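Undergrad: Before we start, here is the structure in question, set down as structure tokens.
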Amino acid sequence: MSMNIEKTLQERFAAPLQDSYCRRIIFWQDPEGEFSTLVDELCLEGVKVLKLTGTNNFAAKMLLSETDTQSNYLVYNPISYSDIRDNWLLDIELYSEEFRADMLSIRMQELNMPATTQLRKAMKSYSKFFDSKERVAKLKAFHSDY
């Protein structure tokens, strides 16, 4: 699963830039914090990873807009703002790209399941069942037999 995310992000960073851009900033929105440990394991060539904590927003804004204006950045944001005015990085987000991933969508993609609302609800209600790597592996094997 982490390899799919890493590959997707690497492809996004490798894509050609628009004419007026000299770098790429991608904000990974993860308000559930499902991927906080995965972010630390990512190895993206030519990309710096910036993990927002809620206490480093000013430093992050200074880094992205003043200190380092040439490097590519993946900004991991596990913070959900109740008021948009609390988001100090909103201006940067607006001219940057967004990346979203959630475990449910990734798991459904791994199992080649259509992302219908009904299936999403069923998978979500049985999320503990699908947390087992053994069960998911058996489902994948079963699916590949047909």
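Identifiers in the structure tokens: chain A, B, ... in order shown; residue index from 1 per chain; ligand index from 1 in order shown.
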I'd like the contact shell of Gly54 of chain A - 10 Å cut-off, only C-alpha atoms, skipping same-chain residues fewer than 2 positions apart - returned as a list in words.
TA: Lys51, Leu52, Asn56, Asn57, Phe58, Asn77, Pro78, Ile79, Ser80 and Asn87 of chain A
Undergrad: May I have the residues from that selection written out with N, CA, C and O atoms, as a PDB file, in the first residue's frame?
TA:
```
ATOM      1  N   LYS A  51       6.131  18.083   7.711  1.00  0.00           N
ATOM      2  CA  LYS A  51       5.003  17.549   8.472  1.00  0.00           C
ATOM      3  C   LYS A  51       4.472  18.642   9.400  1.00  0.00           C
ATOM      4  O   LYS A  51       5.186  19.107  10.280  1.00  0.00           O
ATOM      5  N   LEU A  52       3.227  19.058   9.180  1.00  0.00           N
ATOM      6  CA  LEU A  52       2.631  20.073  10.036  1.00  0.00           C
ATOM      7  C   LEU A  52       2.222  19.453  11.368  1.00  0.00           C
ATOM      8  O   LEU A  52       1.726  18.331  11.411  1.00  0.00           O
ATOM      9  N   ASN A  56       3.961  24.349  14.307  1.00  0.00           N
ATOM     10  CA  ASN A  56       5.025  24.790  13.399  1.00  0.00           C
ATOM     11  C   ASN A  56       4.480  25.515  12.168  1.00  0.00           C
ATOM     12  O   ASN A  56       5.173  25.657  11.171  1.00  0.00           O
ATOM     13  N   ASN A  57       3.253  26.000  12.229  1.00  0.00           N
ATOM     14  CA  ASN A  57       2.646  26.645  11.059  1.00  0.00           C
ATOM     15  C   ASN A  57       3.389  27.913  10.629  1.00  0.00           C
ATOM     16  O   ASN A  57       3.585  28.146   9.442  1.00  0.00           O
ATOM     17  N   PHE A  58       3.798  28.730  11.597  1.00  0.00           N
ATOM     18  CA  PHE A  58       4.529  29.951  11.241  1.00  0.00           C
ATOM     19  C   PHE A  58       5.871  29.601  10.599  1.00  0.00           C
ATOM     20  O   PHE A  58       6.247  30.162   9.564  1.00  0.00           O
ATOM     21  N   ASN A  77      -0.432  17.366   6.095  1.00  0.00           N
ATOM     22  CA  ASN A  77      -1.289  18.139   6.987  1.00  0.00           C
ATOM     23  C   ASN A  77      -2.346  17.250   7.644  1.00  0.00           C
ATOM     24  O   ASN A  77      -3.379  16.971   7.047  1.00  0.00           O
ATOM     25  N   PRO A  78      -2.114  16.830   8.906  1.00  0.00           N
ATOM     26  CA  PRO A  78      -3.105  16.034   9.625  1.00  0.00           C
ATOM     27  C   PRO A  78      -4.088  16.903  10.409  1.00  0.00           C
ATOM     28  O   PRO A  78      -4.874  16.390  11.209  1.00  0.00           O
ATOM     29  N   ILE A  79      -4.046  18.207  10.180  1.00  0.00           N
ATOM     30  CA  ILE A  79      -4.842  19.152  10.971  1.00  0.00           C
ATOM     31  C   ILE A  79      -6.126  19.505  10.233  1.00  0.00           C
ATOM     32  O   ILE A  79      -6.122  19.769   9.035  1.00  0.00           O
ATOM     33  N   SER A  80      -7.209  19.523  10.967  1.00  0.00           N
ATOM     34  CA  SER A  80      -8.495  19.944  10.433  1.00  0.00           C
ATOM     35  C   SER A  80      -8.859  21.270  11.106  1.00  0.00           C
ATOM     36  O   SER A  80      -8.878  21.361  12.330  1.00  0.00           O
ATOM     37  N   ASN A  87      -6.067  28.648   9.333  1.00  0.00           N
ATOM     38  CA  ASN A  87      -5.095  27.994   8.466  1.00  0.00           C
ATOM     39  C   ASN A  87      -4.106  29.025   7.923  1.00  0.00           C
ATOM     40  O   ASN A  87      -4.389  29.721   6.957  1.00  0.00           O
TER      41      ASN A  87
END
```
Undergrad: From the list A:Thr117, A:Asn4, A:Gln70, A:Ser82, which residue is nearest Arg24 of chain A when using only C-alpha atoms?
TA: A:Gln70
Undergrad: Which residues in chain A does DSSP call strand (DSSP E)? List them as a list in words.
TA: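 Secondary structure check on chain A, strand (DSSP E): Ile25, Ile26, Phe27, Trp28, Gln29, Val47, Lys48, Val49, Leu50, Lys51, Asn72, Tyr73, Leu74, Val75, Tyr76, Asn77, Glu97, Glu98, Phe99 and Arg100 of chain A.
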Undergrad: In Å, rounded to a single decimal, give me how far atom CA of Gly46 of chain A is from atom CA of Tyr73 of chain A.
TA: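 Interatomic distance, atom CA of Tyr73 of chain A to atom CA of Gly46 of chain A: 8.8 Å.
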Undergrad: When DSSP works through the backbone of this structure, what residues of segment 3-141 of chain A end up as alpha helix (DSSP H), shown as a PyMOL selection string?
TA: chain A and resi 3-14+36-41+57-62+90-95+103-110+117-125+127-130+133-141
Undergrad: Quote the spacing between atom CA of Phe27 of chain A and atom CA of Glu97 of chain A in Å to one decimal place.
TA: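 Separation of atom CA of Phe27 of chain A and atom CA of Glu97 of chain A: 6.1 Å.
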Undergrad: Record the distance separating atom CA of Ser127 of chain A and atom CA of Thr53 of chain A, expressed in Å with one decimal.
TA: 27.0 Å
Undergrad: Excluding Arg120 of chain A and any residue of its chain fewer than 3 positions from it, enumerate the residues within 12 Å of it, using only C-alpha atoms, and give them as a PDB file with C-alpha atoms, in the first residue's frame.
TA:
```pdb
ATOM      1  CA  ASP A 102      -7.692   7.358   2.900  1.00  0.00           C
ATOM      2  CA  MET A 103      -7.331   3.757   4.001  1.00  0.00           C
ATOM      3  CA  LEU A 104     -10.794   2.782   2.830  1.00  0.00           C
ATOM      4  CA  SER A 105     -10.248   3.982  -0.741  1.00  0.00           C
ATOM      5  CA  ILE A 106      -6.826   2.377  -0.924  1.00  0.00           C
ATOM      6  CA  ARG A 107      -8.111  -0.921   0.430  1.00  0.00           C
ATOM      7  CA  MET A 108     -11.006  -0.926  -2.055  1.00  0.00           C
ATOM      8  CA  GLN A 109      -8.558  -0.221  -4.871  1.00  0.00           C
ATOM      9  CA  MET A 113     -13.775  -3.135  -5.765  1.00  0.00           C
ATOM     10  CA  PRO A 114     -15.885  -0.448  -7.413  1.00  0.00           C
ATOM     11  CA  ALA A 115     -16.039   2.668  -5.235  1.00  0.00           C
ATOM     12  CA  THR A 116     -19.807   2.769  -4.931  1.00  0.00           C
ATOM     13  CA  THR A 117     -21.442   4.429  -1.949  1.00  0.00           C
ATOM     14  CA  MET A 123     -16.419  -1.691   4.033  1.00  0.00           C
ATOM     15  CA  LYS A 124     -16.428   1.094   6.600  1.00  0.00           C
ATOM     16  CA  SER A 125     -18.787  -0.771   8.914  1.00  0.00           C
ATOM     17  CA  TYR A 126     -16.515  -3.845   8.729  1.00  0.00           C
ATOM     18  CA  SER A 127     -13.247  -1.926   8.917  1.00  0.00           C
TER      19      SER A 127
END
```
Undergrad: Which is closest to Leu50 of chain A among A:Leu94, A:Cys22, A:Leu74, A:Ala141, if we use only C-alpha atoms?
TA: A:Leu74
Undergrad: Name all residues at most 12 Å from Lys61 of chain A (count only C-alpha atoms; drop same-chain ones fewer than 2 positions away) and give them as a ChimeraX atom specification.
TA: /A:50,52,55-59,63-69,75,87-93
Undergrad: Go ahead and save the residues from that selection, with N, CA and C atoms, as a JSON list (two decimals), in the first residue's frame.
TA:
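So the final result, stored in out26.json, reads:
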```
[["chain", "number", "residue", "atom", "x", "y", "z"],
["A", 50, "LEU", "N", 7.57, 18.02, 4.67],
["A", 50, "LEU", "CA", 7.29, 18.92, 5.78],
["A", 50, "LEU", "C", 6.02, 18.45, 6.45],
["A", 52, "LEU", "N", 3.23, 19.06, 9.18],
["A", 52, "LEU", "CA", 2.63, 20.07, 10.04],
["A", 52, "LEU", "C", 2.22, 19.45, 11.37],
["A", 55, "THR", "N", 1.91, 23.38, 15.73],
["A", 55, "THR", "CA", 2.75, 24.36, 16.42],
["A", 55, "THR", "C", 3.86, 24.89, 15.51],
["A", 56, "ASN", "N", 3.96, 24.35, 14.31],
["A", 56, "ASN", "CA", 5.03, 24.79, 13.40],
["A", 56, "ASN", "C", 4.48, 25.52, 12.17],
["A", 57, "ASN", "N", 3.25, 26.00, 12.23],
["A", 57, "ASN", "CA", 2.65, 26.65, 11.06],
["A", 57, "ASN", "C", 3.39, 27.91, 10.63],
["A", 58, "PHE", "N", 3.80, 28.73, 11.60],
["A", 58, "PHE", "CA", 4.53, 29.95, 11.24],
["A", 58, "PHE", "C", 5.87, 29.60, 10.60],
["A", 59, "ALA", "N", 6.58, 28.66, 11.21],
["A", 59, "ALA", "CA", 7.88, 28.23, 10.66],
["A", 59, "ALA", "C", 7.70, 27.63, 9.26],
["A", 63, "LEU", "N", 9.32, 29.00, 5.83],
["A", 63, "LEU", "CA", 10.15, 28.10, 5.03],
["A", 63, "LEU", "C", 9.68, 28.10, 3.58],
["A", 64, "LEU", "N", 8.39, 27.91, 3.36],
["A", 64, "LEU", "CA", 7.86, 27.77, 2.01],
["A", 64, "LEU", "C", 7.81, 29.09, 1.23],
["A", 65, "SER", "N", 7.61, 30.20, 1.93],
["A", 65, "SER", "CA", 7.45, 31.46, 1.20],
["A", 65, "SER", "C", 8.66, 32.37, 1.23],
["A", 66, "GLU", "N", 9.63, 32.12, 2.13],
["A", 66, "GLU", "CA", 10.79, 33.01, 2.23],
["A", 66, "GLU", "C", 12.13, 32.27, 2.19],
["A", 67, "THR", "N", 12.29, 31.28, 3.06],
["A", 67, "THR", "CA", 13.59, 30.64, 3.25],
["A", 67, "THR", "C", 13.99, 29.74, 2.09],
["A", 68, "ASP", "N", 13.09, 28.85, 1.68],
["A", 68, "ASP", "CA", 13.41, 27.89, 0.60],
["A", 68, "ASP", "C", 12.32, 27.97, -0.46],
["A", 69, "THR", "N", 12.56, 28.77, -1.47],
["A", 69, "THR", "CA", 11.56, 28.98, -2.51],
["A", 69, "THR", "C", 11.87, 28.20, -3.79],
["A", 75, "VAL", "N", 3.84, 18.60, 1.78],
["A", 75, "VAL", "CA", 3.44, 19.13, 3.08],
["A", 75, "VAL", "C", 2.32, 18.23, 3.61],
["A", 87, "ASN", "N", -6.07, 28.65, 9.33],
["A", 87, "ASN", "CA", -5.09, 27.99, 8.47],
["A", 87, "ASN", "C", -4.11, 29.02, 7.92],
["A", 88, "TRP", "N", -2.94, 29.09, 8.54],
["A", 88, "TRP", "CA", -1.92, 30.06, 8.16],
["A", 88, "TRP", "C", -1.34, 29.78, 6.78],
["A", 89, "LEU", "N", -1.51, 28.58, 6.27],
["A", 89, "LEU", "CA", -0.91, 28.20, 4.99],
["A", 89, "LEU", "C", -1.92, 28.19, 3.84],
["A", 90, "LEU", "N", -3.10, 28.70, 4.07],
["A", 90, "LEU", "CA", -4.15, 28.66, 3.06],
["A", 90, "LEU", "C", -3.72, 29.31, 1.75],
["A", 91, "ASP", "N", -3.05, 30.43, 1.80],
["A", 91, "ASP", "CA", -2.63, 31.10, 0.57],
["A", 91, "ASP", "C", -1.69, 30.21, -0.24],
["A", 92, "ILE", "N", -0.80, 29.49, 0.44],
["A", 92, "ILE", "CA", 0.12, 28.58, -0.25],
["A", 92, "ILE", "C", -0.65, 27.38, -0.79],
["A", 93, "GLU", "N", -1.60, 26.88, -0.02],
["A", 93, "GLU", "CA", -2.41, 25.75, -0.47],
["A", 93, "GLU", "C", -3.16, 26.09, -1.75]]
```
